[in-house]
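Colleague: File upload.cif below, mmCIF, N, CA and C atoms:
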data_upload
#
loop_
_atom_site.label_atom_id
_atom_site.label_comp_id
_atom_site.auth_asym_id
_atom_site.auth_seq_id
_atom_site.Cartn_x
_atom_site.Cartn_y
_atom_site.Cartn_z
N MET E 1 4.36 129.40 288.91
CA MET E 1 3.42 129.49 290.01
C MET E 1 2.68 130.83 289.88
N ILE E 2 1.36 130.77 290.05
CA ILE E 2 0.50 131.95 289.97
C ILE E 2 -0.15 132.16 291.34
N ILE E 3 -0.14 133.39 291.81
CA ILE E 3 -0.81 133.73 293.06
C ILE E 3 -1.93 134.71 292.74
N VAL E 4 -3.15 134.31 293.05
CA VAL E 4 -4.33 135.14 292.80
C VAL E 4 -4.74 135.73 294.14
N THR E 5 -4.76 137.07 294.20
CA THR E 5 -5.10 137.77 295.44
C THR E 5 -6.38 138.55 295.24
N ASN E 6 -7.34 138.30 296.11
CA ASN E 6 -8.58 139.05 296.14
C ASN E 6 -8.48 139.99 297.34
N ARG E 7 -8.31 141.28 297.10
CA ARG E 7 -8.20 142.28 298.17
C ARG E 7 -9.62 142.75 298.50
N ILE E 8 -10.04 142.53 299.74
CA ILE E 8 -11.45 142.73 300.10
C ILE E 8 -11.56 143.74 301.24
N PRO E 9 -12.25 144.86 301.00
CA PRO E 9 -12.42 145.89 302.02
C PRO E 9 -13.62 145.59 302.92
N VAL E 10 -13.37 144.89 304.00
CA VAL E 10 -14.44 144.50 304.92
C VAL E 10 -14.81 145.69 305.80
N ALA E 11 -16.11 145.95 305.92
CA ALA E 11 -16.60 147.07 306.72
C ALA E 11 -16.39 146.80 308.21
N ALA E 12 -16.14 147.86 308.96
CA ALA E 12 -15.95 147.76 310.41
C ALA E 12 -17.16 147.07 311.03
N GLY E 13 -16.88 146.16 311.96
CA GLY E 13 -17.94 145.43 312.64
C GLY E 13 -18.31 144.12 311.98
N HIS E 14 -17.79 143.87 310.77
CA HIS E 14 -18.11 142.63 310.05
C HIS E 14 -16.93 141.68 309.96
N GLU E 15 -15.84 142.01 310.61
CA GLU E 15 -14.63 141.21 310.48
C GLU E 15 -14.82 139.76 310.93
N ILE E 16 -15.44 139.56 312.07
CA ILE E 16 -15.62 138.20 312.60
C ILE E 16 -16.49 137.37 311.65
N ASP E 17 -17.58 137.98 311.16
CA ASP E 17 -18.46 137.26 310.23
C ASP E 17 -17.72 136.91 308.94
N PHE E 18 -16.91 137.84 308.45
CA PHE E 18 -16.15 137.60 307.23
C PHE E 18 -15.18 136.44 307.43
N GLU E 19 -14.43 136.47 308.51
CA GLU E 19 -13.46 135.41 308.78
C GLU E 19 -14.16 134.07 308.97
N ASP E 20 -15.31 134.10 309.62
CA ASP E 20 -16.06 132.87 309.85
C ASP E 20 -16.51 132.22 308.55
N ARG E 21 -16.86 133.04 307.56
CA ARG E 21 -17.25 132.49 306.25
C ARG E 21 -16.13 131.65 305.66
N PHE E 22 -14.89 132.09 305.83
CA PHE E 22 -13.77 131.33 305.27
C PHE E 22 -13.45 130.11 306.11
N LYS E 23 -13.66 130.18 307.39
CA LYS E 23 -13.43 129.01 308.23
C LYS E 23 -14.45 127.91 307.91
N ARG E 24 -15.65 128.31 307.46
CA ARG E 24 -16.71 127.34 307.16
C ARG E 24 -16.82 127.03 305.67
N ARG E 25 -15.88 127.47 304.87
CA ARG E 25 -15.98 127.27 303.42
C ARG E 25 -16.04 125.78 303.07
N VAL E 26 -16.54 125.49 301.89
CA VAL E 26 -16.78 124.11 301.50
C VAL E 26 -15.55 123.38 300.95
N HIS E 27 -14.44 124.08 300.75
CA HIS E 27 -13.16 123.50 300.35
C HIS E 27 -13.18 122.86 298.96
N LEU E 28 -14.06 123.31 298.09
CA LEU E 28 -14.12 122.73 296.74
C LEU E 28 -12.84 123.01 295.95
N VAL E 29 -12.24 124.17 296.17
CA VAL E 29 -11.03 124.53 295.44
C VAL E 29 -9.87 123.59 295.77
N ASP E 30 -9.86 123.06 296.97
CA ASP E 30 -8.73 122.28 297.45
C ASP E 30 -8.42 121.04 296.61
N THR E 31 -9.40 120.53 295.90
CA THR E 31 -9.20 119.29 295.12
C THR E 31 -8.98 119.55 293.63
N HIS E 32 -8.97 120.81 293.23
CA HIS E 32 -8.82 121.10 291.80
C HIS E 32 -7.38 120.93 291.34
N PRO E 33 -7.22 120.37 290.13
CA PRO E 33 -5.87 120.18 289.59
C PRO E 33 -5.11 121.50 289.53
N GLY E 34 -3.89 121.47 290.01
CA GLY E 34 -3.03 122.65 289.97
C GLY E 34 -3.15 123.55 291.19
N PHE E 35 -4.14 123.31 292.05
CA PHE E 35 -4.28 124.10 293.27
C PHE E 35 -3.13 123.75 294.23
N VAL E 36 -2.54 124.78 294.83
CA VAL E 36 -1.43 124.57 295.76
C VAL E 36 -1.85 124.87 297.19
N ARG E 37 -2.39 126.08 297.42
CA ARG E 37 -2.82 126.42 298.77
C ARG E 37 -3.70 127.66 298.75
N ASN E 38 -4.36 127.87 299.89
CA ASN E 38 -5.25 129.02 300.10
C ASN E 38 -4.82 129.70 301.39
N GLU E 39 -4.79 131.03 301.38
CA GLU E 39 -4.45 131.81 302.57
C GLU E 39 -5.44 132.96 302.71
N VAL E 40 -5.80 133.27 303.95
CA VAL E 40 -6.60 134.46 304.22
C VAL E 40 -5.78 135.32 305.18
N HIS E 41 -5.50 136.56 304.76
CA HIS E 41 -4.69 137.48 305.55
C HIS E 41 -5.57 138.57 306.15
N ARG E 42 -5.48 138.75 307.45
CA ARG E 42 -6.21 139.80 308.16
C ARG E 42 -5.38 141.08 308.14
N PRO E 43 -6.00 142.23 307.82
CA PRO E 43 -5.24 143.48 307.83
C PRO E 43 -4.87 143.89 309.25
N ARG E 44 -3.74 144.52 309.36
CA ARG E 44 -3.29 145.07 310.64
C ARG E 44 -2.73 146.46 310.37
N PRO E 45 -3.60 147.47 310.33
CA PRO E 45 -3.14 148.82 310.04
C PRO E 45 -2.12 149.29 311.10
N MET E 46 -1.00 149.77 310.62
CA MET E 46 0.09 150.21 311.49
C MET E 46 0.59 151.58 311.01
N LYS E 47 1.19 152.32 311.95
CA LYS E 47 1.84 153.59 311.63
C LYS E 47 3.27 153.52 312.12
N PHE E 48 4.16 154.11 311.34
CA PHE E 48 5.55 154.20 311.77
C PHE E 48 5.77 155.54 312.43
N ASP E 49 6.36 155.53 313.61
CA ASP E 49 6.69 156.75 314.33
C ASP E 49 8.17 157.04 314.11
N PRO E 50 8.49 157.99 313.22
CA PRO E 50 9.90 158.24 312.92
C PRO E 50 10.68 158.75 314.13
N GLY E 51 9.99 159.42 315.06
CA GLY E 51 10.68 159.94 316.24
C GLY E 51 11.25 158.83 317.12
N SER E 52 10.47 157.75 317.29
CA SER E 52 10.92 156.65 318.14
C SER E 52 11.48 155.49 317.32
N GLY E 53 11.22 155.51 316.01
CA GLY E 53 11.69 154.43 315.15
C GLY E 53 10.93 153.13 315.36
N THR E 54 9.68 153.25 315.83
CA THR E 54 8.88 152.04 316.11
C THR E 54 7.56 152.09 315.35
N TRP E 55 6.95 150.91 315.23
CA TRP E 55 5.63 150.77 314.64
C TRP E 55 4.60 150.68 315.75
N ARG E 56 3.41 151.21 315.46
CA ARG E 56 2.31 151.09 316.43
C ARG E 56 1.01 150.89 315.68
N ASP E 57 0.03 150.28 316.37
CA ASP E 57 -1.28 150.07 315.77
C ASP E 57 -1.89 151.41 315.38
N ASP E 58 -2.62 151.42 314.27
CA ASP E 58 -3.31 152.61 313.79
C ASP E 58 -4.81 152.34 313.86
N PRO E 59 -5.48 152.73 314.97
CA PRO E 59 -6.90 152.43 315.12
C PRO E 59 -7.79 153.10 314.07
N GLU E 60 -7.29 154.13 313.40
CA GLU E 60 -8.07 154.82 312.37
C GLU E 60 -7.76 154.28 310.97
N GLY E 61 -6.76 153.44 310.87
CA GLY E 61 -6.37 152.91 309.57
C GLY E 61 -7.33 151.85 309.07
N GLU E 62 -7.47 151.77 307.77
CA GLU E 62 -8.29 150.74 307.15
C GLU E 62 -7.39 149.90 306.27
N GLY E 63 -7.60 148.64 306.30
CA GLY E 63 -6.83 147.75 305.45
C GLY E 63 -7.76 146.87 304.64
N TYR E 64 -7.17 146.01 303.88
CA TYR E 64 -7.90 145.05 303.07
C TYR E 64 -7.58 143.66 303.57
N TYR E 65 -8.58 142.81 303.67
CA TYR E 65 -8.31 141.39 303.82
C TYR E 65 -7.76 140.94 302.47
N GLU E 66 -6.87 139.97 302.51
CA GLU E 66 -6.36 139.38 301.28
C GLU E 66 -6.64 137.89 301.31
N VAL E 67 -7.34 137.42 300.29
CA VAL E 67 -7.58 136.00 300.12
C VAL E 67 -6.72 135.57 298.95
N LYS E 68 -5.76 134.69 299.21
CA LYS E 68 -4.81 134.28 298.18
C LYS E 68 -4.98 132.80 297.87
N THR E 69 -5.01 132.49 296.58
CA THR E 69 -4.93 131.11 296.15
C THR E 69 -3.68 130.98 295.29
N TRP E 70 -2.97 129.91 295.49
CA TRP E 70 -1.73 129.62 294.77
C TRP E 70 -2.01 128.49 293.78
N TRP E 71 -1.56 128.68 292.53
CA TRP E 71 -1.81 127.74 291.45
C TRP E 71 -0.51 127.40 290.73
N ARG E 72 -0.41 126.19 290.24
CA ARG E 72 0.79 125.80 289.49
C ARG E 72 0.89 126.59 288.19
N THR E 73 -0.25 126.80 287.50
CA THR E 73 -0.24 127.55 286.23
C THR E 73 -1.48 128.43 286.14
N MET E 74 -1.43 129.39 285.26
CA MET E 74 -2.59 130.24 284.98
C MET E 74 -3.73 129.41 284.41
N ALA E 75 -3.39 128.43 283.59
CA ALA E 75 -4.42 127.56 283.00
C ALA E 75 -5.18 126.80 284.10
N ASP E 76 -4.48 126.37 285.15
CA ASP E 76 -5.15 125.69 286.27
C ASP E 76 -6.16 126.62 286.93
N PHE E 77 -5.75 127.86 287.16
CA PHE E 77 -6.67 128.84 287.76
C PHE E 77 -7.86 129.09 286.84
N GLU E 78 -7.62 129.24 285.55
CA GLU E 78 -8.71 129.50 284.61
C GLU E 78 -9.70 128.34 284.57
N ARG E 79 -9.20 127.10 284.65
CA ARG E 79 -10.10 125.94 284.68
C ARG E 79 -10.96 125.97 285.96
N TRP E 80 -10.38 126.38 287.09
CA TRP E 80 -11.14 126.49 288.34
C TRP E 80 -12.27 127.52 288.17
N VAL E 81 -11.96 128.68 287.64
CA VAL E 81 -12.96 129.74 287.48
C VAL E 81 -14.09 129.31 286.55
N ALA E 82 -13.79 128.47 285.57
CA ALA E 82 -14.80 128.01 284.62
C ALA E 82 -15.59 126.80 285.13
N SER E 83 -15.23 126.28 286.30
CA SER E 83 -15.83 125.03 286.78
C SER E 83 -17.16 125.24 287.51
N ASP E 84 -17.95 124.17 287.56
CA ASP E 84 -19.18 124.17 288.34
C ASP E 84 -18.88 124.30 289.83
N ASP E 85 -17.74 123.76 290.27
CA ASP E 85 -17.34 123.88 291.68
C ASP E 85 -17.12 125.34 292.07
N PHE E 86 -16.52 126.12 291.16
CA PHE E 86 -16.33 127.55 291.42
C PHE E 86 -17.68 128.24 291.63
N LYS E 87 -18.61 127.94 290.74
CA LYS E 87 -19.96 128.54 290.87
C LYS E 87 -20.59 128.14 292.20
N ALA E 88 -20.46 126.88 292.57
CA ALA E 88 -21.04 126.41 293.84
C ALA E 88 -20.36 127.07 295.04
N ALA E 89 -19.05 127.23 294.97
CA ALA E 89 -18.31 127.83 296.08
C ALA E 89 -18.66 129.31 296.28
N HIS E 90 -19.11 129.97 295.23
CA HIS E 90 -19.43 131.40 295.31
C HIS E 90 -20.93 131.69 295.28
N ARG E 91 -21.73 130.67 295.44
CA ARG E 91 -23.19 130.81 295.36
C ARG E 91 -23.74 131.62 296.55
N ASP E 92 -23.26 131.35 297.74
CA ASP E 92 -23.77 131.99 298.96
C ASP E 92 -23.03 133.31 299.18
N ARG E 93 -23.45 134.34 298.49
CA ARG E 93 -22.78 135.64 298.54
C ARG E 93 -23.00 136.32 299.89
N ALA E 94 -21.98 137.00 300.36
CA ALA E 94 -22.08 137.76 301.61
C ALA E 94 -22.96 138.99 301.37
N PRO E 95 -23.61 139.49 302.43
CA PRO E 95 -24.43 140.70 302.26
C PRO E 95 -23.57 141.91 301.91
N LYS E 96 -24.11 142.80 301.10
CA LYS E 96 -23.37 143.97 300.62
C LYS E 96 -22.86 144.85 301.75
N GLU E 97 -23.59 144.91 302.86
CA GLU E 97 -23.16 145.77 303.97
C GLU E 97 -21.90 145.26 304.66
N MET E 98 -21.47 144.05 304.32
CA MET E 98 -20.24 143.51 304.90
C MET E 98 -19.00 144.20 304.32
N PHE E 99 -19.17 144.94 303.22
CA PHE E 99 -18.03 145.55 302.52
C PHE E 99 -18.17 147.06 302.44
N ARG E 100 -17.03 147.75 302.53
CA ARG E 100 -17.07 149.21 302.46
C ARG E 100 -16.79 149.72 301.05
N ASP E 101 -16.40 148.83 300.17
CA ASP E 101 -16.09 149.20 298.79
C ASP E 101 -15.99 147.92 297.97
N LYS E 102 -15.63 148.03 296.71
CA LYS E 102 -15.47 146.85 295.85
C LYS E 102 -14.12 146.17 296.09
N ASN E 103 -14.11 144.87 295.85
CA ASN E 103 -12.86 144.13 295.97
C ASN E 103 -11.98 144.38 294.75
N VAL E 104 -10.70 144.03 294.88
CA VAL E 104 -9.74 144.16 293.80
C VAL E 104 -9.06 142.81 293.62
N LEU E 105 -9.09 142.29 292.40
CA LEU E 105 -8.45 141.01 292.11
C LEU E 105 -7.10 141.29 291.43
N GLU E 106 -6.05 140.67 291.96
CA GLU E 106 -4.71 140.82 291.40
C GLU E 106 -4.13 139.44 291.14
N ILE E 107 -3.37 139.32 290.06
CA ILE E 107 -2.71 138.06 289.74
C ILE E 107 -1.22 138.35 289.59
N HIS E 108 -0.43 137.54 290.29
CA HIS E 108 1.02 137.67 290.23
C HIS E 108 1.64 136.34 289.85
N GLU E 109 2.80 136.43 289.21
CA GLU E 109 3.56 135.24 288.88
C GLU E 109 4.77 135.19 289.81
N LEU E 110 5.00 134.04 290.42
CA LEU E 110 6.11 133.88 291.33
C LEU E 110 7.42 133.95 290.57
N VAL E 111 8.31 134.82 291.01
CA VAL E 111 9.63 134.93 290.41
C VAL E 111 10.62 134.09 291.21
N THR E 112 10.57 134.23 292.53
CA THR E 112 11.43 133.45 293.41
C THR E 112 10.79 133.40 294.78
N GLY E 113 11.11 132.37 295.53
CA GLY E 113 10.57 132.24 296.88
C GLY E 113 11.26 131.12 297.61
N THR E 114 11.24 131.17 298.91
CA THR E 114 11.85 130.15 299.74
C THR E 114 11.14 128.82 299.54
N ASP E 115 11.88 127.80 299.21
CA ASP E 115 11.35 126.43 299.03
C ASP E 115 10.31 126.32 297.93
N LEU E 116 10.24 127.30 297.05
CA LEU E 116 9.29 127.24 295.95
C LEU E 116 10.03 127.54 294.65
N GLU E 117 9.79 126.75 293.66
CA GLU E 117 10.38 127.00 292.35
C GLU E 117 9.28 127.44 291.39
N PRO E 118 9.49 128.54 290.70
CA PRO E 118 8.47 128.99 289.74
C PRO E 118 8.37 128.01 288.56
N THR E 119 7.19 127.96 288.00
CA THR E 119 7.00 127.15 286.79
C THR E 119 7.16 128.07 285.59
N PRO E 120 7.53 127.53 284.46
CA PRO E 120 7.63 128.37 283.26
C PRO E 120 6.28 129.00 282.93
N ALA E 121 6.30 130.20 282.38
CA ALA E 121 5.05 130.88 282.01
C ALA E 121 4.28 130.02 281.04
N SER E 122 2.94 129.99 281.24
CA SER E 122 2.12 129.17 280.34
C SER E 122 1.35 130.03 279.39
#
For this file, produce the structure as structure tokens.
Modeller:
Amino acid sequence: MIIVTNRIPVAAGHEIDFEDRFKRRVHLVDTHPGFVRNEVHRPRPMKFDPGSGTWRDDPEGEGYYEVKTWWRTMADFERWVASDDFKAAHRDRAPKEMFRDKNVLEIHELVTGTDLEPTPAS
């Protein structure tokens, strides 16, 4: 199992628009062979207060949205990226001012997980 994470630094004031783009997405990835699921994670900047031993919201903290797609194999993900559907899904680019910096793409291989069995490396 491969998890592809796109870490996206959304600029303050653009969070609702960013989330709305994913709610209205065209779902082309959902039908591709090897696709398992898609998740969008909203950042929640927090600070730990060692004096009280509790966590609290950090209004000055910045986080990254994480858009994760889960794939059965790396080859499945590579076929998606090379597809016409991928190009169509990414055609309507968000305005540059929606982001405070460049995104970071990370790929991980599942080692173990609840109710999930990893596939052999491909």
Colleague: So which bits of chain E end up strand (DSSP E) when you DSSP the backbone, as a PyMOL selection string?
Modeller: chain E and resi 2-8+35-41+46-49+54-57+65-71+104-109
Colleague: Figure out the distance between CA of Glu106 in chain E and CA of Arg7 in chain E, please, to one decimal in Å.
Modeller: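 CA of Glu106 in chain E lies at a distance of 7.8 Å from CA of Arg7 in chain E.
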Colleague: Report the residues retrieved by the PyMOL selection byres ((chain E and resi 41) around 8) from the displayed file, expressed as a PyMOL selection string.
Modeller: chain E and resi 38-40+42-44+64-68
Colleague: One decimal, Å: what's the distance from CA of Glu19 in chain E over to atom C of Thr54 in chain E, could you say?
Modeller: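 Calculated distance between CA of Glu19 in chain E and atom C of Thr54 in chain E is 27.6 Å.
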Colleague: So how far away is atom N of Gly63 in chain E from atom C of Glu109 in chain E, in Å?
Modeller: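 Separation between atom C of Glu109 in chain E and atom N of Gly63 in chain E: 24.6 Å.
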Colleague: What's the 9 Å shell around Val104 in chain E, counting only C-alpha atoms, without same-chain residues fewer than 5 positions away, as a list in words?
Modeller: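 Here the answer would be Thr5, Asn6, Arg7, Ile8 and Pro9 of chain E.
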Colleague: Could you write out, as a PyMOL selection string, all the residues of chain E that DSSP marks as alpha helix (DSSP H)?
Modeller: chain E and resi 15-23+74-81+84-89
Colleague: Since I can't run it myself right now, could you work out what the PyMOL selection byres (((chain E and resi 28 and name CA) around 9) and name CA) selects here and report it as a ChimeraX atom specification?
Modeller: /E:25-27,29-32,85-86,88-89
Colleague: Please save N, CA and C atoms of the selected residues as a PDB file, in the coordinates of the input.
Modeller:
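File again-v7.pdb, as written:
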ATOM      1  N   ARG E  25     -15.880 127.470 304.870  1.00  0.00           N
ATOM      2  CA  ARG E  25     -15.980 127.270 303.420  1.00  0.00           C
ATOM      3  C   ARG E  25     -16.040 125.780 303.070  1.00  0.00           C
ATOM      4  N   VAL E  26     -16.540 125.490 301.890  1.00  0.00           N
ATOM      5  CA  VAL E  26     -16.780 124.110 301.500  1.00  0.00           C
ATOM      6  C   VAL E  26     -15.550 123.380 300.950  1.00  0.00           C
ATOM      7  N   HIS E  27     -14.440 124.080 300.750  1.00  0.00           N
ATOM      8  CA  HIS E  27     -13.160 123.500 300.350  1.00  0.00           C
ATOM      9  C   HIS E  27     -13.180 122.860 298.960  1.00  0.00           C
ATOM     10  N   VAL E  29     -12.240 124.170 296.170  1.00  0.00           N
ATOM     11  CA  VAL E  29     -11.030 124.530 295.440  1.00  0.00           C
ATOM     12  C   VAL E  29      -9.870 123.590 295.770  1.00  0.00           C
ATOM     13  N   ASP E  30      -9.860 123.060 296.970  1.00  0.00           N
ATOM     14  CA  ASP E  30      -8.730 122.280 297.450  1.00  0.00           C
ATOM     15  C   ASP E  30      -8.420 121.040 296.610  1.00  0.00           C
ATOM     16  N   THR E  31      -9.400 120.530 295.900  1.00  0.00           N
ATOM     17  CA  THR E  31      -9.200 119.290 295.120  1.00  0.00           C
ATOM     18  C   THR E  31      -8.980 119.550 293.630  1.00  0.00           C
ATOM     19  N   HIS E  32      -8.970 120.810 293.230  1.00  0.00           N
ATOM     20  CA  HIS E  32      -8.820 121.100 291.800  1.00  0.00           C
ATOM     21  C   HIS E  32      -7.380 120.930 291.340  1.00  0.00           C
ATOM     22  N   ASP E  85     -17.740 123.760 290.270  1.00  0.00           N
ATOM     23  CA  ASP E  85     -17.340 123.880 291.680  1.00  0.00           C
ATOM     24  C   ASP E  85     -17.120 125.340 292.070  1.00  0.00           C
ATOM     25  N   PHE E  86     -16.520 126.120 291.160  1.00  0.00           N
ATOM     26  CA  PHE E  86     -16.330 127.550 291.420  1.00  0.00           C
ATOM     27  C   PHE E  86     -17.680 128.240 291.630  1.00  0.00           C
ATOM     28  N   ALA E  88     -20.460 126.880 292.570  1.00  0.00           N
ATOM     29  CA  ALA E  88     -21.040 126.410 293.840  1.00  0.00           C
ATOM     30  C   ALA E  88     -20.360 127.070 295.040  1.00  0.00           C
ATOM     31  N   ALA E  89     -19.050 127.230 294.970  1.00  0.00           N
ATOM     32  CA  ALA E  89     -18.310 127.830 296.080  1.00  0.00           C
ATOM     33  C   ALA E  89     -18.660 129.310 296.280  1.00  0.00           C
TER      34      ALA E  89
END
Colleague: Starting from the displayed file, determine the output of the PyMOL selection byres (((chain E and resi 58 and name CA) around 12) and name CA) and express the residue list as a list in words.
Modeller: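 Against this file, the PyMOL selection byres (((chain E and resi 58 and name CA) around 12) and name CA) returns the residues Pro43, Arg44, Pro45, Met46, Lys47, Phe48, Asp49, Trp55, Arg56, Asp57, Pro59, Glu60, Gly61, Glu62 and Gly63 of chain E.
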